[in-house]
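Below is one structure, written out as structure tokens; the observations come after it.
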Amino acid sequence: DPLWDRFCDDGDGCMAGYPWIERTSVAPEGMLSQWQEYVIVRYKFDAGVDDTRKEAFRAAAADWRTHTCVAVVEDANAAEPFIMVGVYDTGSCWAYMGRPWSGYHQLNLGWCNSMSHKGSMVHEIGHGIGINHEQ
């Protein structure tokens, strides 16, 4: 049993998302060969996302690839599961937690609308890969 297995369901104490399961021991394109294993998280942009948001989100995804073993990869033809990046509520910026059972989870860029919000986008990608707030 790989160490990354997490037995969880929708019962009490479990988040709705699950660990991402696409993994490789070979560094994905554009990443240094410095980790024993890499996790691949695919995303695509929903219709209507403007180029300014796309540029900032791509920069946030690049930060994850540069500083972690998580390859957040744009893939317009991504098979399920994946993250759908869109603008669903302009009054907030949020993401569903972790890998969905099936289909995709949404990540809302809302007020995260430029490079000045790249840090918030990095934060929301963290939720998308399954990281919750720690208090």
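In the structure tokens, chains take the letters A, B, ... in the order shown, each chain's residues start at 1, and ligands count up from 1 in the order shown.
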Q. Using only C-alpha atoms, which residues sit within 8 Å of stretch 105-121 of chain A once same-chain residues fewer than 3 positions away are excluded, as a list of chain:residue names?
A. A:Thr52, A:Arg53, A:Glu55, A:Ala56, A:Phe57, A:Ala59, A:Ala60, A:Pro81, A:Phe82, A:Ile83, A:Met84, A:Val85, A:Gly86, A:Val87, A:Tyr88, A:Asp89, A:Thr90, A:Gly91, A:Ser92, A:Cys93, A:Trp94, A:Ala95, A:Tyr96, A:Met97, A:Arg99, A:Pro100, A:Glu124, A:Ile125, A:Gly128
Q: List every residue of stretch 30-74 of chain A that DSSP, applied to the backbone, labels as strand (DSSP E or B), and write the result as a ChimeraX atom specification.
A: /A:38-45,70-74
Could those selected residues go to a file with C-alpha atoms, as a PDB file, in the first residue's frame?
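Contents of again-v4.pdb, as written:
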ATOM      1  CA  TYR A  38       5.760  13.904  -8.558  1.00  0.00           C
ATOM      2  CA  VAL A  39       2.005  14.448  -8.343  1.00  0.00           C
ATOM      3  CA  ILE A  40       0.273  15.642 -11.512  1.00  0.00           C
ATOM      4  CA  VAL A  41      -2.785  17.886 -11.082  1.00  0.00           C
ATOM      5  CA  ARG A  42      -4.398  18.903 -14.354  1.00  0.00           C
ATOM      6  CA  TYR A  43      -6.513  21.975 -14.917  1.00  0.00           C
ATOM      7  CA  LYS A  44      -8.298  23.684 -17.753  1.00  0.00           C
ATOM      8  CA  PHE A  45      -9.872  27.092 -18.164  1.00  0.00           C
ATOM      9  CA  VAL A  70       3.212  19.021  -7.391  1.00  0.00           C
ATOM     10  CA  ALA A  71       2.988  19.624 -11.134  1.00  0.00           C
ATOM     11  CA  VAL A  72      -0.053  21.824 -11.698  1.00  0.00           C
ATOM     12  CA  VAL A  73      -0.420  21.398 -15.450  1.00  0.00           C
ATOM     13  CA  GLU A  74      -2.684  23.151 -17.935  1.00  0.00           C
TER      14      GLU A  74
END
Q) Pick the closest to A:Glu37 from A:Val49, A:Ile21, A:Ile129, A:Ala79: which is it, counting only C-alpha atoms? A) A:Ile21
Q: Could you tell me how far atom CA of A:Asn77 lies from atom CA of A:Glu22, in Å and to one decimal?
A: 15.4 Å
Q | d(atom CA of A:Ser102, atom CA of A:Pro19) in Å | A | 12.4 Å
Q.
Could you go through chain A and tell me which residues DSSP, when run on the backbone, assigns to alpha helix (DSSP H), listing them as number ranges by chain?
A. A: 51-67, 118-129
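Counting only C-alpha atoms and comparing A:Glu80, A:Gly130, A:Asp75, A:Cys69, the residue that lies closest to A:Ser25 is A:Cys69.
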